[in-house]
Amino acid sequence: MHRFHRTVLPVVAAALCSTALWAGTPAEQLNALAAQAGRSPNVAQGQQFFNATHGREWSCASCHNALPTGDGKHASTGKAITALAPAFNPERFTDPAKSEKWFRRNCKDVLARECSAAEKADVLAWLISLKR
């Protein structure tokens, strides 16, 4: 085996396995994000973050509603958006790649940057806390 394979590949594999992309359920994704953030998620901060405009025009709530337990609609296009809270839409946060894609896209719309692992963990903790 080449030295590259023995030294670099294990490091790359370990790094990939530590990301939220490799967790499947909402709770697993939350645990992975909390580990990346290096702290426990804060539900109250998640709710506050979700509803704040962060100095820009939109907040997460602009499209998902202040309480994302029902359908929302895109603030610009009017396209329907299903409930974001996992208890109200069991398909949410079940595909880690999709979760990362939408966090990246929506954070750039709301913050003009990607969200940190801590911000994502806080928001996801709040969304998971919303029960029927």
# chains A, B, ... in the order shown; residues from 1 in each chain; ligands from 1

call {"tool": "select_by_dssp", "arguments": {"residues": "stretch 17-60 of chain A", "states": "alpha helix (DSSP H)", "output": "count of residues only"}}
result
22

call {"tool": "residues_around", "arguments": {"residues": "A:Glu114", "least_positions_apart": "6", "cutoff": "10 Å", "atoms": "only C-alpha atoms", "output": "list in words"}}
result
Phe103, Arg104, Arg105, Asn106, Cys107, Lys108 and Lys120 of chain A

call {"tool": "write_last_selection", "arguments": {"atoms": "all heavy atoms", "output": "CSV table (one decimal), in the first residue's frame"}}
result
chain,number,residue,atom,x,y,z
A,103,PHE,N,-29.5,24.1,4.6
A,103,PHE,CA,-28.9,25.1,5.5
A,103,PHE,C,-28.0,26.0,4.8
A,103,PHE,O,-28.0,27.2,5.0
A,103,PHE,CB,-28.1,24.3,6.6
A,103,PHE,CG,-28.9,24.0,7.9
A,103,PHE,CD1,-29.0,22.8,8.4
A,103,PHE,CD2,-29.5,25.1,8.6
A,103,PHE,CE1,-29.6,22.5,9.6
A,103,PHE,CE2,-30.1,24.8,9.8
A,103,PHE,CZ,-30.2,23.6,10.3
A,104,ARG,N,-27.2,25.5,3.9
A,104,ARG,CA,-26.2,26.3,3.2
A,104,ARG,C,-26.9,27.4,2.4
A,104,ARG,O,-26.6,28.6,2.4
A,104,ARG,CB,-25.3,25.5,2.3
A,104,ARG,CG,-24.2,26.2,1.6
A,104,ARG,CD,-23.2,25.3,0.9
A,104,ARG,NE,-23.7,24.1,0.3
A,104,ARG,CZ,-23.6,22.9,0.9
A,104,ARG,NH1,-23.0,22.8,2.1
A,104,ARG,NH2,-24.1,21.8,0.3
A,105,ARG,N,-27.9,27.0,1.6
A,105,ARG,CA,-28.6,27.9,0.7
A,105,ARG,C,-29.4,28.9,1.5
A,105,ARG,O,-29.3,30.1,1.3
A,105,ARG,CB,-29.6,27.1,-0.2
A,105,ARG,CG,-30.3,28.0,-1.2
A,105,ARG,CD,-31.2,27.1,-2.1
A,105,ARG,NE,-30.4,26.3,-2.9
A,105,ARG,CZ,-30.9,25.4,-3.8
A,105,ARG,NH1,-32.2,25.2,-3.9
A,105,ARG,NH2,-30.1,24.7,-4.5
A,106,ASN,N,-30.1,28.5,2.5
A,106,ASN,CA,-31.0,29.4,3.3
A,106,ASN,C,-30.2,30.3,4.2
A,106,ASN,O,-30.5,31.5,4.3
A,106,ASN,CB,-32.0,28.6,4.1
A,106,ASN,CG,-33.1,28.0,3.2
A,106,ASN,OD1,-33.3,28.4,2.1
A,106,ASN,ND2,-33.7,26.9,3.7
A,107,CYS,N,-29.1,29.8,4.7
A,107,CYS,CA,-28.2,30.7,5.6
A,107,CYS,C,-27.6,31.8,4.7
A,107,CYS,O,-27.5,33.0,5.2
A,107,CYS,CB,-27.2,29.9,6.3
A,107,CYS,SG,-27.8,28.8,7.6
A,108,LYS,N,-27.3,31.5,3.5
A,108,LYS,CA,-26.7,32.5,2.6
A,108,LYS,C,-27.8,33.6,2.3
A,108,LYS,O,-27.5,34.8,2.2
A,108,LYS,CB,-26.1,31.9,1.4
A,108,LYS,CG,-24.8,31.2,1.6
A,108,LYS,CD,-24.2,30.7,0.4
A,108,LYS,CE,-22.9,30.1,0.7
A,108,LYS,NZ,-22.2,29.5,-0.5
A,120,LYS,N,-26.7,26.1,13.4
A,120,LYS,CA,-27.5,25.1,12.9
A,120,LYS,C,-28.0,24.2,14.0
A,120,LYS,O,-29.2,23.8,14.0
A,120,LYS,CB,-26.7,24.2,11.8
A,120,LYS,CG,-26.4,25.0,10.5
A,120,LYS,CD,-25.8,24.1,9.5
A,120,LYS,CE,-24.3,24.1,9.6
A,120,LYS,NZ,-23.7,23.4,8.4

call {"tool": "select_by_dssp", "arguments": {"residues": "stretch 12-109 of chain A", "states": "strand (DSSP E)", "output": "short mmCIF file (atom, residue, chain, number, x, y, z; two decimals) with N, CA, C and O atoms, in the first residue's frame"}}
result
data_model
loop_
_atom_site.label_atom_id
_atom_site.label_comp_id
_atom_site.auth_asym_id
_atom_site.auth_seq_id
_atom_site.Cartn_x
_atom_site.Cartn_y
_atom_site.Cartn_z
N GLY A 72 -45.48 26.79 4.79
CA GLY A 72 -45.08 28.16 4.55
C GLY A 72 -45.02 28.40 3.06
O GLY A 72 -45.46 27.57 2.27
N LYS A 73 -44.47 29.54 2.68
CA LYS A 73 -44.26 29.80 1.25
C LYS A 73 -43.08 30.73 1.08
O LYS A 73 -42.82 31.59 1.91
N ALA A 80 -44.87 26.92 -2.41
CA ALA A 80 -45.25 26.29 -1.15
C ALA A 80 -44.07 25.54 -0.54
O ALA A 80 -43.28 24.92 -1.25
N ILE A 81 -43.97 25.63 0.78
CA ILE A 81 -42.93 24.93 1.54
C ILE A 81 -43.63 24.15 2.65
O ILE A 81 -44.40 24.73 3.42
#

call {"tool": "atom_distance", "arguments": {"atom1": "atom CA of A:Lys101", "atom2": "atom CA of A:Ala44"}}
result
24.0 Å

call {"tool": "closest_residue", "arguments": {"among": "A:Thr94, A:Asn51, A:Ser99, A:Asn65", "to": "A:Ala121", "atoms": "only C-alpha atoms"}}
result
A:Ser99

call {"tool": "residues_around", "arguments": {"residues": "stretch 31-38 of chain A", "least_positions_apart": "3", "cutoff": "6 Å", "atoms": "only C-alpha atoms", "output": "list in words"}}
result
Ala20, Glu28, Ala117, Ala118 and Ala121 of chain A

call {"tool": "residues_around", "arguments": {"residues": "A:Ala27", "least_positions_apart": "5", "cutoff": "9 Å", "atoms": "only C-alpha atoms", "output": "VMD selection string"}}
result
chain A and resid 32 93 124 to 125 128

call {"tool": "decode", "arguments": {"residues": "stretch 40-52 of chain A", "atoms": "all heavy atoms", "output": "PDB file, in the first residue's frame"}}
result
ATOM      1  N   SER A  40     -23.357  22.176  23.716  1.00  0.00           N
ATOM      2  CA  SER A  40     -24.739  21.723  23.628  1.00  0.00           C
ATOM      3  C   SER A  40     -25.576  22.763  22.906  1.00  0.00           C
ATOM      4  O   SER A  40     -25.341  23.969  23.074  1.00  0.00           O
ATOM      5  CB  SER A  40     -25.324  21.497  25.024  1.00  0.00           C
ATOM      6  OG  SER A  40     -24.634  20.468  25.677  1.00  0.00           O
ATOM      7  N   PRO A  41     -26.568  22.323  22.129  1.00  0.00           N
ATOM      8  CA  PRO A  41     -27.436  23.288  21.454  1.00  0.00           C
ATOM      9  C   PRO A  41     -28.322  24.030  22.448  1.00  0.00           C
ATOM     10  O   PRO A  41     -28.647  23.509  23.505  1.00  0.00           O
ATOM     11  CB  PRO A  41     -28.269  22.436  20.503  1.00  0.00           C
ATOM     12  CG  PRO A  41     -27.991  21.023  20.837  1.00  0.00           C
ATOM     13  CD  PRO A  41     -26.855  20.953  21.778  1.00  0.00           C
ATOM     14  N   ASN A  42     -28.714  25.230  22.075  1.00  0.00           N
ATOM     15  CA  ASN A  42     -29.556  26.073  22.910  1.00  0.00           C
ATOM     16  C   ASN A  42     -30.870  26.308  22.176  1.00  0.00           C
ATOM     17  O   ASN A  42     -30.909  27.023  21.164  1.00  0.00           O
ATOM     18  CB  ASN A  42     -28.836  27.398  23.188  1.00  0.00           C
ATOM     19  CG  ASN A  42     -29.605  28.297  24.117  1.00  0.00           C
ATOM     20  OD1 ASN A  42     -30.784  28.554  23.928  1.00  0.00           O
ATOM     21  ND2 ASN A  42     -28.909  28.796  25.129  1.00  0.00           N
ATOM     22  N   VAL A  43     -31.945  25.704  22.683  1.00  0.00           N
ATOM     23  CA  VAL A  43     -33.262  25.780  22.040  1.00  0.00           C
ATOM     24  C   VAL A  43     -33.746  27.225  21.935  1.00  0.00           C
ATOM     25  O   VAL A  43     -34.223  27.647  20.879  1.00  0.00           O
ATOM     26  CB  VAL A  43     -34.283  24.897  22.798  1.00  0.00           C
ATOM     27  CG1 VAL A  43     -35.693  25.107  22.274  1.00  0.00           C
ATOM     28  CG2 VAL A  43     -33.892  23.423  22.703  1.00  0.00           C
ATOM     29  N   ALA A  44     -33.617  28.000  23.013  1.00  0.00           N
ATOM     30  CA  ALA A  44     -34.086  29.394  22.996  1.00  0.00           C
ATOM     31  C   ALA A  44     -33.314  30.219  21.966  1.00  0.00           C
ATOM     32  O   ALA A  44     -33.910  31.031  21.250  1.00  0.00           O
ATOM     33  CB  ALA A  44     -33.956  30.009  24.386  1.00  0.00           C
ATOM     34  N   GLN A  45     -32.002  30.004  21.879  1.00  0.00           N
ATOM     35  CA  GLN A  45     -31.208  30.715  20.869  1.00  0.00           C
ATOM     36  C   GLN A  45     -31.618  30.288  19.469  1.00  0.00           C
ATOM     37  O   GLN A  45     -31.617  31.109  18.545  1.00  0.00           O
ATOM     38  CB  GLN A  45     -29.723  30.447  21.077  1.00  0.00           C
ATOM     39  CG  GLN A  45     -29.118  31.264  22.186  1.00  0.00           C
ATOM     40  CD  GLN A  45     -27.639  30.995  22.350  1.00  0.00           C
ATOM     41  OE1 GLN A  45     -27.210  30.612  23.424  1.00  0.00           O
ATOM     42  NE2 GLN A  45     -26.872  31.177  21.305  1.00  0.00           N
ATOM     43  N   GLY A  46     -31.994  29.019  19.299  1.00  0.00           N
ATOM     44  CA  GLY A  46     -32.451  28.542  18.000  1.00  0.00           C
ATOM     45  C   GLY A  46     -33.712  29.250  17.547  1.00  0.00           C
ATOM     46  O   GLY A  46     -33.830  29.669  16.391  1.00  0.00           O
ATOM     47  N   GLN A  47     -34.657  29.407  18.470  1.00  0.00           N
ATOM     48  CA  GLN A  47     -35.904  30.101  18.134  1.00  0.00           C
ATOM     49  C   GLN A  47     -35.616  31.567  17.812  1.00  0.00           C
ATOM     50  O   GLN A  47     -36.144  32.112  16.838  1.00  0.00           O
ATOM     51  CB  GLN A  47     -36.908  30.007  19.275  1.00  0.00           C
ATOM     52  CG  GLN A  47     -38.214  30.693  18.954  1.00  0.00           C
ATOM     53  CD  GLN A  47     -39.236  30.583  20.074  1.00  0.00           C
ATOM     54  OE1 GLN A  47     -38.910  30.223  21.203  1.00  0.00           O
ATOM     55  NE2 GLN A  47     -40.476  30.883  19.754  1.00  0.00           N
ATOM     56  N   GLN A  48     -34.788  32.196  18.616  1.00  0.00           N
ATOM     57  CA  GLN A  48     -34.444  33.604  18.384  1.00  0.00           C
ATOM     58  C   GLN A  48     -33.740  33.771  17.035  1.00  0.00           C
ATOM     59  O   GLN A  48     -34.071  34.668  16.260  1.00  0.00           O
ATOM     60  CB  GLN A  48     -33.559  34.111  19.521  1.00  0.00           C
ATOM     61  CG  GLN A  48     -33.152  35.555  19.370  1.00  0.00           C
ATOM     62  CD  GLN A  48     -32.233  36.014  20.501  1.00  0.00           C
ATOM     63  OE1 GLN A  48     -31.697  35.210  21.262  1.00  0.00           O
ATOM     64  NE2 GLN A  48     -32.046  37.308  20.594  1.00  0.00           N
ATOM     65  N   PHE A  49     -32.783  32.908  16.751  1.00  0.00           N
ATOM     66  CA  PHE A  49     -32.055  32.956  15.491  1.00  0.00           C
ATOM     67  C   PHE A  49     -33.014  32.797  14.311  1.00  0.00           C
ATOM     68  O   PHE A  49     -32.935  33.526  13.329  1.00  0.00           O
ATOM     69  CB  PHE A  49     -30.994  31.846  15.460  1.00  0.00           C
ATOM     70  CG  PHE A  49     -30.153  31.838  14.219  1.00  0.00           C
ATOM     71  CD1 PHE A  49     -28.950  32.523  14.190  1.00  0.00           C
ATOM     72  CD2 PHE A  49     -30.554  31.155  13.085  1.00  0.00           C
ATOM     73  CE1 PHE A  49     -28.161  32.520  13.041  1.00  0.00           C
ATOM     74  CE2 PHE A  49     -29.778  31.148  11.936  1.00  0.00           C
ATOM     75  CZ  PHE A  49     -28.586  31.831  11.911  1.00  0.00           C
ATOM     76  N   PHE A  50     -33.924  31.840  14.404  1.00  0.00           N
ATOM     77  CA  PHE A  50     -34.869  31.527  13.340  1.00  0.00           C
ATOM     78  C   PHE A  50     -35.745  32.737  12.994  1.00  0.00           C
ATOM     79  O   PHE A  50     -36.072  32.957  11.827  1.00  0.00           O
ATOM     80  CB  PHE A  50     -35.755  30.353  13.783  1.00  0.00           C
ATOM     81  CG  PHE A  50     -36.608  29.774  12.700  1.00  0.00           C
ATOM     82  CD1 PHE A  50     -36.129  28.762  11.879  1.00  0.00           C
ATOM     83  CD2 PHE A  50     -37.910  30.209  12.505  1.00  0.00           C
ATOM     84  CE1 PHE A  50     -36.921  28.215  10.877  1.00  0.00           C
ATOM     85  CE2 PHE A  50     -38.705  29.664  11.508  1.00  0.00           C
ATOM     86  CZ  PHE A  50     -38.206  28.666  10.700  1.00  0.00           C
ATOM     87  N   ASN A  51     -36.124  33.511  14.002  1.00  0.00           N
ATOM     88  CA  ASN A  51     -37.050  34.620  13.791  1.00  0.00           C
ATOM     89  C   ASN A  51     -36.377  35.976  13.575  1.00  0.00           C
ATOM     90  O   ASN A  51     -37.051  36.947  13.256  1.00  0.00           O
ATOM     91  CB  ASN A  51     -38.043  34.680  14.951  1.00  0.00           C
ATOM     92  CG  ASN A  51     -39.031  33.538  14.875  1.00  0.00           C
ATOM     93  OD1 ASN A  51     -39.864  33.480  13.984  1.00  0.00           O
ATOM     94  ND2 ASN A  51     -38.922  32.575  15.785  1.00  0.00           N
ATOM     95  N   ALA A  52     -35.063  36.044  13.715  1.00  0.00           N
ATOM     96  CA  ALA A  52     -34.333  37.309  13.545  1.00  0.00           C
ATOM     97  C   ALA A  52     -33.973  37.538  12.076  1.00  0.00           C
ATOM     98  O   ALA A  52     -33.781  36.597  11.315  1.00  0.00           O
ATOM     99  CB  ALA A  52     -33.064  37.284  14.385  1.00  0.00           C
TER     100      ALA A  52
END
